[in-house]
Structure formats: structure tokens, C-alpha cells
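Engineer: Below you'll find protein_32.txt; it's compact mmCIF, C-alpha atoms.
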```txt
# COMPACT_ATOMS: atom_id res chain seq x y z
CA MET D 5 0.00 0.00 0.00
CA ASN D 6 1.32 3.46 -0.95
CA LEU D 7 -1.11 6.09 0.27
CA ARG D 8 -0.90 9.63 -1.07
CA GLU D 9 -3.23 10.81 1.69
CA LEU D 10 -3.63 9.62 5.28
CA SER D 11 -6.69 10.51 7.37
CA ILE D 12 -6.97 10.03 11.15
CA ALA D 13 -10.04 10.53 13.35
CA THR D 14 -10.71 10.37 17.08
CA PHE D 15 -14.21 9.54 18.28
CA ASN D 16 -15.55 9.32 21.84
CA LEU D 17 -18.46 6.88 21.56
CA TYR D 18 -20.29 8.01 24.72
CA ASN D 19 -20.60 4.64 26.43
CA LEU D 20 -21.35 2.43 23.44
CA ASN D 21 -22.59 -0.82 24.97
CA GLU D 22 -25.16 -3.44 24.09
CA PRO D 23 -28.73 -2.57 25.16
CA GLY D 24 -29.70 -3.51 28.68
CA ARG D 25 -26.11 -3.77 29.88
CA PRO D 26 -25.16 -1.74 32.97
CA LEU D 27 -23.30 1.55 32.55
CA TYR D 28 -21.56 2.65 35.75
CA THR D 29 -24.35 2.91 38.35
CA ASP D 30 -27.09 2.77 35.70
CA ARG D 31 -28.14 -0.85 35.97
CA ASP D 32 -30.53 -0.70 33.00
CA GLY D 33 -28.19 0.90 30.43
CA TRP D 34 -29.47 1.76 26.96
CA THR D 35 -32.99 0.82 25.92
CA GLU D 36 -33.39 -0.87 22.54
CA ALA D 37 -34.72 2.37 21.02
CA GLU D 38 -31.87 4.45 22.48
CA TYR D 39 -29.35 1.92 21.27
CA GLU D 40 -30.71 1.90 17.73
CA ARG D 41 -30.55 5.70 17.57
CA LYS D 42 -27.02 5.56 18.95
CA ILE D 43 -25.91 3.05 16.31
CA ALA D 44 -27.57 5.11 13.57
CA TRP D 45 -25.73 8.28 14.64
CA THR D 46 -22.42 6.42 14.94
CA VAL D 47 -22.95 5.04 11.42
CA ARG D 48 -23.51 8.57 10.10
CA GLN D 49 -20.26 9.81 11.62
CA LEU D 50 -18.28 6.87 10.25
CA THR D 51 -19.77 7.50 6.82
CA ILE D 52 -19.26 11.27 6.80
CA LEU D 53 -15.73 11.18 8.22
CA LYS D 54 -14.64 8.00 6.46
CA SER D 55 -11.00 7.88 7.56
CA ASP D 56 -8.10 5.47 7.29
CA VAL D 57 -7.99 5.17 11.08
CA PHE D 58 -10.60 5.90 13.74
CA GLY D 59 -9.47 5.85 17.36
CA PHE D 60 -12.32 5.24 19.82
CA GLN D 61 -12.90 5.96 23.48
CA GLU D 62 -15.77 4.78 25.69
CA LEU D 63 -16.41 1.53 23.85
CA TRP D 64 -17.82 -1.13 26.15
CA HIS D 65 -18.78 -3.99 23.83
CA ALA D 66 -17.02 -5.07 20.63
CA ASP D 67 -20.31 -6.37 19.19
CA SER D 68 -21.74 -2.83 19.18
CA MET D 69 -18.84 -1.59 17.09
CA LYS D 70 -19.21 -4.54 14.75
CA ARG D 71 -22.90 -3.73 14.38
CA ALA D 72 -22.17 -0.10 13.52
CA LEU D 73 -19.61 -1.14 10.90
CA GLN D 74 -22.04 -3.58 9.35
CA ALA D 75 -24.85 -1.02 9.29
CA ALA D 76 -22.50 1.44 7.58
CA GLY D 77 -21.50 -1.19 5.02
CA LEU D 78 -17.88 -0.81 6.12
CA ASP D 79 -17.19 -4.12 7.85
CA ALA D 80 -15.29 -5.47 4.82
CA GLU D 81 -13.15 -2.31 4.62
CA TYR D 82 -11.78 -2.14 8.17
CA ASP D 83 -9.97 -4.25 10.72
CA LEU D 84 -11.50 -3.91 14.18
CA VAL D 85 -8.88 -3.32 16.88
CA VAL D 86 -10.42 -4.18 20.25
CA PRO D 87 -9.08 -5.97 23.34
CA PRO D 88 -10.35 -9.48 24.13
CA GLU D 89 -12.17 -8.24 27.22
CA ALA D 90 -14.42 -5.79 25.32
CA ASP D 91 -17.51 -7.70 26.44
CA GLY D 92 -19.56 -4.90 27.97
CA ARG D 93 -18.18 -4.93 31.51
CA LYS D 94 -15.77 -2.00 31.27
CA ILE D 95 -14.63 0.88 29.06
CA VAL D 96 -11.84 0.30 26.53
CA CYS D 97 -9.94 2.28 23.92
CA ALA D 98 -10.24 0.76 20.46
CA ALA D 99 -9.87 1.52 16.76
CA ILE D 100 -10.79 0.58 13.24
CA VAL D 101 -8.04 0.54 10.61
CA ARG D 102 -8.48 0.37 6.87
CA LYS D 103 -7.61 -3.14 5.70
CA GLY D 104 -4.03 -3.48 4.54
CA LEU D 105 -2.71 -0.73 6.81
CA LEU D 106 -2.27 -2.55 10.12
CA SER D 107 1.33 -3.67 10.51
CA SER D 108 1.57 -4.85 14.12
CA ALA D 109 -0.46 -6.76 16.65
CA PRO D 110 -2.21 -4.23 18.90
CA GLU D 111 -1.48 -4.01 22.60
CA TRP D 112 -3.26 -2.33 25.48
CA ILE D 113 -0.92 -0.66 27.94
CA GLU D 114 -2.36 -0.95 31.43
CA GLN D 115 0.63 -0.37 33.69
CA PHE D 116 2.95 2.61 33.91
CA PRO D 117 6.60 1.89 32.95
CA ASP D 118 8.65 0.26 35.71
CA LYS D 119 11.14 3.14 35.78
CA PHE D 120 8.45 5.82 35.93
CA VAL D 121 8.61 7.73 39.25
CA LEU D 122 6.71 10.76 40.60
CA ARG D 123 8.64 11.52 43.77
CA SER D 124 10.61 14.61 44.79
CA HIS D 125 11.79 16.56 47.82
CA GLY D 126 11.44 19.72 45.74
CA ASP D 127 13.78 22.39 44.44
CA ASP D 128 14.42 24.13 47.75
CA PRO D 129 14.27 23.41 51.52
CA GLN D 130 10.80 24.96 51.81
CA THR D 131 9.22 22.39 49.47
CA PRO D 132 7.68 19.32 51.14
CA LEU D 133 8.10 15.81 49.78
CA ILE D 134 5.72 14.71 47.02
CA ASP D 135 5.20 11.02 46.34
CA VAL D 136 2.45 10.00 43.91
CA ASN D 137 1.76 6.28 44.01
CA ILE D 138 -0.24 5.56 40.84
CA ARG D 139 0.87 2.54 38.83
CA GLY D 140 -1.54 2.31 35.92
CA PHE D 141 -3.88 4.00 33.45
CA SER D 142 -7.58 4.41 34.27
CA ARG D 143 -8.27 3.34 30.67
CA PRO D 144 -5.54 1.20 29.06
CA VAL D 145 -3.87 2.95 26.12
CA ALA D 146 -4.29 1.16 22.77
CA HIS D 147 -1.03 0.97 20.79
CA PHE D 148 -0.62 -0.36 17.26
CA ALA D 149 1.31 0.43 14.09
CA ILE D 150 0.25 1.06 10.51
CA LYS D 151 2.27 1.12 7.31
CA PRO D 152 0.78 3.71 4.94
CA ARG D 153 3.63 3.34 2.43
CA GLU D 154 5.74 0.37 1.47
CA ASP D 155 8.79 2.61 1.09
CA GLY D 156 8.38 4.17 4.52
CA PRO D 157 8.50 3.24 8.21
CA ASP D 158 5.66 2.07 10.40
CA VAL D 159 3.59 4.81 12.02
CA HIS D 160 2.89 4.13 15.70
CA LEU D 161 -0.51 5.20 17.04
CA TYR D 162 -1.54 5.57 20.68
CA VAL D 163 -5.25 5.89 21.44
CA CYS D 164 -5.76 7.27 24.94
CA HIS D 165 -8.51 8.30 27.31
CA LEU D 166 -7.16 10.10 30.37
CA LYS D 167 -8.91 10.67 33.70
CA SER D 168 -11.81 13.09 33.53
CA LYS D 169 -11.94 16.49 35.23
CA GLY D 170 -15.00 15.46 37.22
CA PRO D 171 -14.27 15.29 40.96
CA THR D 172 -13.49 11.78 42.18
CA LYS D 173 -16.27 10.48 44.44
CA LEU D 174 -14.98 10.09 47.98
CA PHE D 175 -17.98 8.87 49.98
CA ASN D 176 -16.85 5.23 49.86
CA GLU D 177 -13.38 5.97 51.21
CA ALA D 178 -12.81 4.77 54.78
CA TRP D 179 -11.09 8.00 55.84
CA TYR D 180 -14.04 10.01 54.53
CA ARG D 181 -16.69 7.88 56.25
CA GLU D 182 -14.81 7.97 59.55
CA ASP D 183 -15.00 11.77 59.73
CA ARG D 184 -17.67 12.80 57.28
CA ASP D 185 -18.44 16.07 59.04
CA ALA D 186 -14.86 17.24 58.52
CA TYR D 187 -14.59 16.21 54.87
CA ALA D 188 -18.05 16.57 53.30
CA LYS D 189 -17.73 20.32 52.74
CA HIS D 190 -14.37 19.77 51.01
CA ALA D 191 -15.38 16.77 48.89
CA THR D 192 -15.55 18.66 45.58
CA ALA D 193 -12.16 20.31 45.95
CA ILE D 194 -10.38 17.18 47.18
CA GLY D 195 -12.10 15.02 44.55
CA ALA D 196 -11.11 17.42 41.76
CA ALA D 197 -7.53 17.46 43.02
CA ILE D 198 -7.39 13.67 42.99
CA SER D 199 -8.73 13.55 39.42
CA THR D 200 -6.18 16.16 38.33
CA ILE D 201 -3.30 14.30 39.97
CA ARG D 202 -4.38 11.06 38.33
CA ARG D 203 -4.76 12.65 34.88
CA THR D 204 -1.39 14.39 35.22
CA ALA D 205 0.29 11.13 36.20
CA GLU D 206 -1.29 9.38 33.22
CA ALA D 207 -0.09 12.10 30.84
CA ALA D 208 3.44 11.91 32.26
CA ALA D 209 3.51 8.11 32.07
CA LEU D 210 2.36 8.19 28.45
CA ARG D 211 5.00 10.84 27.68
CA PHE D 212 7.60 8.53 29.28
CA ILE D 213 6.50 5.77 26.89
CA LEU D 214 6.51 8.14 23.91
CA THR D 215 9.99 9.46 24.64
CA GLU D 216 11.34 5.91 24.87
CA GLN D 217 9.71 5.21 21.50
CA MET D 218 10.81 8.42 19.72
CA LYS D 219 14.13 9.66 21.07
CA GLY D 220 17.12 9.43 18.75
CA ASN D 221 15.26 7.98 15.77
CA ASP D 222 12.79 8.94 13.04
CA THR D 223 9.80 6.89 14.21
CA PRO D 224 6.52 8.60 13.18
CA VAL D 225 4.01 8.76 16.05
CA ILE D 226 0.39 9.88 16.37
CA VAL D 227 -1.35 10.29 19.73
CA LEU D 228 -5.11 10.67 19.59
CA GLY D 229 -7.98 10.59 21.98
CA ASP D 230 -9.85 12.20 24.83
CA ILE D 231 -7.25 13.62 27.22
CA ASN D 232 -9.98 15.43 29.19
CA ASP D 233 -8.07 18.68 29.18
CA GLY D 234 -7.67 21.75 27.04
CA HIS D 235 -5.30 22.90 24.36
CA PHE D 236 -3.09 24.96 26.70
CA SER D 237 -3.40 22.73 29.76
CA ASN D 238 -0.49 21.19 31.63
CA THR D 239 -1.79 17.79 30.50
CA THR D 240 -1.32 18.78 26.86
CA ASN D 241 2.02 20.42 27.56
CA ILE D 242 3.34 17.23 29.17
CA LEU D 243 2.27 15.15 26.19
CA THR D 244 3.59 17.50 23.50
CA GLU D 245 6.80 18.73 25.18
CA GLN D 246 5.65 22.23 24.09
CA PRO D 247 7.43 22.47 20.74
CA ARG D 248 8.03 25.75 18.97
CA TYR D 249 5.75 26.35 15.99
CA LEU D 250 7.63 27.88 13.09
CA VAL D 251 6.43 30.35 10.45
CA GLY D 252 7.50 31.51 7.01
CA ASP D 253 10.26 29.44 5.46
CA ALA D 254 11.79 28.38 8.82
CA ILE D 255 12.72 24.71 9.09
CA GLY D 256 13.27 22.78 12.31
CA GLY D 257 11.37 20.14 14.24
CA GLY D 258 11.73 18.33 17.54
CA ASP D 259 12.92 14.74 17.94
CA ILE D 260 10.44 13.85 20.69
CA ALA D 261 7.94 16.67 20.17
CA LEU D 262 4.28 16.25 19.35
CA TYR D 263 2.48 18.93 17.34
CA SER D 264 -1.19 19.62 17.99
CA THR D 265 -3.30 19.48 14.85
CA GLN D 266 -5.52 22.08 16.50
CA THR D 267 -2.61 24.52 16.41
CA LEU D 268 -1.73 23.52 12.85
CA GLN D 269 -5.32 24.31 11.84
CA GLU D 270 -5.33 27.58 13.75
CA TYR D 271 -2.41 28.81 11.67
CA ARG D 272 -4.67 28.41 8.62
CA ASP D 273 -8.00 29.69 9.94
CA THR D 274 -9.18 33.25 10.38
CA ARG D 275 -11.21 32.22 13.44
CA ASP D 276 -10.82 29.55 16.13
CA VAL D 277 -14.05 27.55 16.44
CA TYR D 278 -12.42 24.38 17.71
CA TYR D 279 -14.30 22.82 20.61
CA THR D 280 -15.15 19.21 21.31
CA HIS D 281 -17.12 19.39 24.55
CA VAL D 282 -19.66 21.69 26.21
CA HIS D 283 -20.16 21.60 29.98
CA GLU D 284 -22.45 24.12 31.67
CA GLY D 285 -22.08 26.46 28.72
CA ILE D 286 -18.28 26.29 28.63
CA ARG D 287 -16.82 25.13 25.31
CA GLU D 288 -13.54 23.24 25.57
CA SER D 289 -11.20 21.19 23.43
CA LEU D 290 -10.81 17.88 25.26
CA ASP D 291 -10.17 15.64 22.26
CA HIS D 292 -6.90 15.89 20.38
CA ILE D 293 -4.77 14.53 17.57
CA MET D 294 -1.05 15.16 18.13
CA VAL D 295 1.66 14.18 15.67
CA SER D 296 5.42 13.78 15.59
CA GLU D 297 7.73 15.90 13.41
CA GLN D 298 7.28 13.54 10.47
CA PHE D 299 3.81 15.13 10.13
CA TYR D 300 4.88 18.72 10.85
CA ASP D 301 5.03 21.06 7.84
CA HIS D 302 8.19 22.89 8.96
CA SER D 303 10.19 19.85 10.04
CA ARG D 304 13.41 18.88 8.31
CA LYS D 305 12.16 15.31 8.62
CA ARG D 306 8.66 15.91 7.28
CA VAL D 307 7.14 13.03 5.36
CA TRP D 308 3.45 14.00 5.55
CA LEU D 309 2.09 17.52 5.02
CA PHE D 310 -0.85 18.66 7.14
CA ASP D 311 -3.88 19.20 4.90
CA GLY D 312 -6.55 20.30 7.32
CA LEU D 313 -8.72 19.37 10.27
CA VAL D 314 -12.48 19.31 10.84
CA VAL D 315 -14.53 18.92 14.00
CA ASN D 316 -18.11 17.65 13.85
CA ASN D 317 -19.56 19.39 16.91
CA ASP D 318 -22.91 21.00 16.07
CA HIS D 319 -24.72 18.28 18.02
CA LEU D 320 -23.07 19.49 21.25
CA ASN D 321 -25.19 22.66 21.34
CA PHE D 322 -28.73 21.34 21.04
CA ASP D 323 -29.04 17.59 21.42
CA ASP D 324 -30.20 15.48 24.33
CA HIS D 325 -27.47 12.92 23.78
CA LYS D 326 -29.21 10.00 25.44
CA ALA D 327 -32.53 10.62 23.69
CA ASP D 328 -31.10 11.54 20.30
CA GLY D 329 -28.34 8.95 20.09
CA THR D 330 -25.63 11.58 19.71
CA ASN D 331 -22.36 11.84 21.61
CA ASP D 332 -21.24 14.38 24.21
CA HIS D 333 -17.94 14.98 22.37
CA GLY D 334 -17.10 16.29 18.93
CA VAL D 335 -15.49 13.99 16.41
CA ILE D 336 -12.17 15.15 14.95
CA ARG D 337 -10.59 14.27 11.60
CA ALA D 338 -7.13 15.34 10.41
CA VAL D 339 -5.73 14.73 6.93
CA PHE D 340 -2.11 14.57 5.76
CA LYS D 341 -0.72 14.40 2.25
CA TYR D 342 2.43 12.48 1.37
CA LYS D 343 4.96 15.18 0.65
CA PRO D 344 8.46 14.60 2.06
CA GLN D 345 10.54 17.66 2.84
CA ARG D 346 13.10 18.34 0.15
CA ALA D 347 16.72 18.41 1.22
```
Spit out the file's structure as C-alpha cells when you get a sec.

Structural biologist:
Amino acid sequence: MNLRELSIATFNLYNLNEPGRPLYTDRDGWTEAEYERKIAWTVRQLTILKSDVFGFQELWHADSMKRALQAAGLDAEYDLVVPPEADGRKIVCAAIVRKGLLSSAPEWIEQFPDKFVLRSHGDDPQTPLIDVNIRGFSRPVAHFAIKPREDGPDVHLYVCHLKSKGPTKLFNEAWYREDRDAYAKHATAIGAAISTIRRTAEAAALRFILTEQMKGNDTPVIVLGDINDGHFSNTTNILTEQPRYLVGDAIGGGDIALYSTQTLQEYRDTRDVYYTHVHEGIRESLDHIMVSEQFYDHSRKRVWLFDGLVVNNDHLNFDDHKADGTNDHGVIRAVFKYKPQRA
């Protein structure tokens, strides 16, 4: 296969599970009617944004994804990348890959790297010890490789879903129950802090993995998914290593850097209308596609030229997602054209 164009999409499926299966504390899950509307809307997105790779978050059951592909008439065109345990009991990251592209067996990374440590006495004597003891991802990261061109290297993709910004529920913790009067009034703040610490640790652990993969070589990498944080957040900065974006005829690139396709699109647009989530009237960009320097226009090592990004997000403003079958996130698609940088 020698693609002249490569398209990548990230798609939060909003708890896609078989009807009647429990979802968190909802023991009844989707009704048959809700499920059918949900499949129909998912089919429409797959058809509109028909991409070489879709990375998914919030998939519960592999059969639901198979059903959507069949209903879209795309089951013969894609390989379904799902873990064996995608049987409706928990959330997984997954993907579909156009047939002929997949070049490695997928893996789901559950544990943080053995050498990964979040412990420090600080930079000066006034700083207390910090020791964060988190050893794994809330949602295992899906990792697989594709080969878009026979004359080029494998492209490694990481589909992630980091901890949400919603405050962690504390009422089941023993320390909370033992002194509820002291903690109840602080539950939101403490819960939000715990979620932030967990998400930050997940971002740093994934960056640790990425750096090991990328440093000192020309391995193309794409990270996509719901990182549950904004474009300028510390979560994003950890993942990207905050590369410099060049203008004019400047040429550069970063060995381990990731470049946000949102930023690449912003350099081309006259207005920023990029948002993928609406919560209490606040529009945010929680879903991202980030690419290594092999996909960055100004990189000396560019292989693929950025050709634009779209976000399907109109449904976020009006729809009752459960009743209408829509999702609570926008769906993002980025396109790259094969155009290696000339020496």
C-alpha cells in the first residue's frame, strides 16, 4: 500500500454498549430504542468522516462496534482493533483501521513503565516531599502500528482516554466515612484534586513511553484521543513537550515533540471555532490529535504535510445525547498528504 493521503479521526463513543447492559451505576443501560438511535448516529459519523484510522474511546462492547460497521456497510473495509475483554463490563480504547494498513499486533498498555517515578523533595528546603503512588492508566492505552507506504517506516498510534476532570467520588473511602463532618464540605475540591493528579500522572507516564519510543530515531508517532483537558493545559504540555511552531520558510522540528493538529489548523484559519465538549455552557477542546515531526510542515524530517482538520460538533449545542443517540464529544478528523521535505 502506498497512500498519497492519510486521514486520522478520534471519536468518543459516549458509552457504546449493548442494550440492557449496565453503565456505571445505571443498571438498566441503553434501551433498545436508544441503542438503535445511537448506532444510527455512529454510522452517520463513520460515513461522513470515512477515515483510514478511527481511534475510539468509551467503547464497552465489541459487538456494538461490529454492528455499527455492518450497518455502515464498512465491515469489509476495516480491521477492528479491540481488546479481548471488550464484552460490555468496562470501558476500553479501540480503533478501526483500513484493511491493509495494520502492521503490528495491537497491545493495550495498562501499567505505567517500571522506571516511571513521581517523587521529589522539591527544588528548595521549603518544598515538602511529594510522592504519587499511581501505577496504571484508568483506561488502558491502545497501541498499534500502521504502514501507509511500502517505502516508509511504520507509524505508531496511541489511542488514549485520560482521567476526567469530574471530581473523584470520595464517599466510599474509609477515611471520609470515619469523619464525614470534617470532609463533606471539602469533597468537591479534594475530589477534583485527585482527578487532576491522576490525569497528570497518566499524561506523564504516556509521555515517558513516547519518549522511549521516539528519542534518537525517526519513528513517526500519532497520539489521539480524549485527554480530558484543554489545548493549553499542563496535561497537553506534558504530552507534546511544548514544541516551537515555526512560520515563514523556517525549518526545524523536535525529535520527541508532538504537534497539535488544532494549532496547525489555527495557523490556517481566520477564526478559532475548535471545541469538542460543552459543559455548563463552557466550550472546551478535550479531544486531540497530536503528531510527531514527520507530520509537521516545517520539520526537516517531514514526510506528511498537514492538509486540514475538521470537528463535527454542532450536536453538542442542542441535542439530548441519550434521547437523540448523539455523543457528548465532537469527532475530529485530520488529513495529511504524502509530501516529504526536500533536502

Engineer: Quick one: everything within 7 Å of region 169-175 of chain D, counting only C-alpha atoms, minus sequence neighbours fewer than 2 positions away in the same chain. Send it as JSON, numbers by chain.

Structural biologist: {"D": [167, 177, 180, 181, 191, 192, 195, 196, 198, 199, 200, 232]}

Engineer: Show me, as lines of an AutoDock Vina configuration file, the centre and edge lengths in Å to one decimal of the axis-aligned box that covers every listed atom of region 36-44 of chain D with 4 Å on each side.

Structural biologist:
```
center_x = -30.3
center_y = 2.4
center_z = 18.1
size_x = 16.8
size_y = 14.6
size_z = 17.0
```

Engineer: Compile the contact shell of Leu10 (chain D) as a ChimeraX atom specification: residues with an atom at most 9 Å away, counting only C-alpha atoms, same-chain residues fewer than 2 positions apart removed.

Structural biologist: /D:7-8,12,55-57,152,308,338-342

Engineer: Could you give me, as a PyMOL selection string, the residues within 6 Å of Ile100 (chain D), counting all atoms listed in the file and dropping anything in the same chain fewer than 5 positions from it?

Structural biologist: chain D and resi 57-58+82-85

Engineer: Identify which of the residues D:Ser296, D:Ser107, D:Asn137, D:Ser124 lies closest to Ala149 (chain D), counting all atoms listed in the file when measuring atom-to-atom distances.

Structural biologist: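 Result for the nearest residue to Ala149 (chain D): D:Ser107.
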
Engineer: If we count all atoms listed in the file and set the cut-off at 7 Å, which residues sit around region 323-333 of chain D, ignoring sequence neighbours fewer than 6 positions away in its own chain? Please answer as a list in words.

Structural biologist: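 Returned residues: Asn16, Leu17, Tyr18, Glu38, Arg41, Lys42, Trp45, Thr280 and His281 of chain D.
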
Engineer: If you count all atoms listed in the file, which residues fall within 9 Å of Leu214 (chain D), apart from same-chain ones fewer than 3 positions away, as a list in words?

Structural biologist: Ala209, Leu210, Arg211, Gln217, Met218, Lys219, Val225, Leu243 and Ile260 of chain D

Engineer: Measuring atom to atom with all atoms listed in the file, identify which of D:Tyr300, D:Gln246, D:His160, D:Leu320 is nearest to His283 (chain D).

Structural biologist: D:Leu320

Engineer: As an exercise, work out the distance from CA of Trp34 (chain D) to CA of Asn176 (chain D) in Å and give it to one decimal place.

Structural biologist: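 Separation between CA of Trp34 (chain D) and CA of Asn176 (chain D): 26.4 Å.
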
Engineer: Name the closest residue to Leu309 (chain D) among the candidates D:Leu228, D:Ala205, D:Leu268, D:Val47; distances are taken between atoms, counting all atoms listed in the file.

Structural biologist: D:Leu268

Engineer: Mind pulling up the distance from CA of Phe15 (chain D) to CA of Val159 (chain D)?

Structural biologist: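 Calculated distance between CA of Val159 (chain D) and CA of Phe15 (chain D) is 19.5 Å.
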
Engineer: Calculated over only C-alpha atoms, which of the candidates D:Ala193, D:Gln298, D:Arg203, D:Gly24 has the smallest distance to Gly140 (chain D)?

Structural biologist: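 Closest to Gly140 (chain D) of all the choices is D:Arg203.
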
Engineer: Restricting the calculation to only C-alpha atoms: of D:Glu288, D:Ser237, D:Glu9, D:Leu78, which residue gets closest to Asp311 (chain D)?

Structural biologist: D:Glu9

Engineer: Between CA of Thr204 (chain D) and CA of Val295 (chain D), measure the distance and give it in Å to one decimal.

Structural biologist: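 Value for the CA of Thr204 (chain D)-CA of Val295 (chain D) distance: 19.8 Å.
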
Engineer: Which one is closest to Thr14 (chain D): D:Asp79, D:Asp128, D:Asp301, D:Asp230? Count all atoms listed in the file.

Structural biologist: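 The shortest atom-to-atom distance to Thr14 (chain D) comes from D:Asp230.
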